[in-house]
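The structure appears right after this line, and notes come after that.
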Amino acid sequence: MHEFRVHTLVDITDNGNLQRSFPFKTKSDTTVHNKETLAVARNQNNNFNTLLQLLQIRGNIIWEIPPKKYTTLLGNTKFGTVYEGKQNTWTFQFFTEQSELYGDFNNPTGQLIEDFNLVPVITECEDTANFPIKTFITRNLEKPSINMATKEQKVINAIYGDIINTYFSYAGETNK
């Protein structure tokens, strides 16, 4: 088995089944006691489901534990420099059987970067970072030519830079 990790500022909490009567505890040990807290839990689940679907575009994955939430000082991470100080981060560890499912020997997560980049997410759950656009951002946007005046180019011009909110790591082969 090959071990990979997703590191993100997007809230990807796995709350499990939410179709119960108030109040109840979720799979992640959060208390849901009204419509507002239920909406947050659903949005977290939606982000986690989006993550799973993106990971499984290229092949099947297995995981043993749900995403873990940390409060992290971002100085020594690969998140963009636009995010500073302490932020909530999530790490999700998963495994695949194929060695080069998401890239090659030199860049084992290269395809994940392409698959995830600019896929929409739901923010304002328990994430503390302020996202310039509500998407997974896995590579920095490049400022296009000044001559291009489309609406999309104007948006990219306004937000280009070091804004990565999600990155990946490959931990190598493991005996699972």
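Note on naming: chains are A, B, ... as they come in the structure tokens, residues start from 1 per chain, ligands start from 1 in the order shown.
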
Shell of 9 Å around Leu73 in chain A, only C-alpha atoms, local chain residues under 4 positions omitted, as a list in words: Thr77, Glu84, Gly85, Lys86, Gln87 and Asn88 of chain A

Selection near Asn46 in chain A, 10 Å with only C-alpha atoms, sequence-local residues under 4 positions removed, as JSON, numbers by chain: {"A": [11, 12, 13, 14, 15, 40, 41, 42, 50, 51, 52, 121, 122]}

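Nearest residue to Ala171 in chain A, choosing from A:Ile61, A:Leu141, A:Val32, A:Val6 and counting only C-alpha atoms: A:Val6.
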
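Minimum distance to Leu74 in chain A across A:Leu18, A:Asn165, A:Gln111, A:Asn106 (counting only C-alpha atoms) occurs at A:Asn165.
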
Minimum-distance residue to Glu36 in chain A, chosen among A:Cys125, A:Leu112, A:Leu101, A:Ile133 (using only C-alpha atoms):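 For Glu36 in chain A, the nearest of the candidates is A:Cys125.
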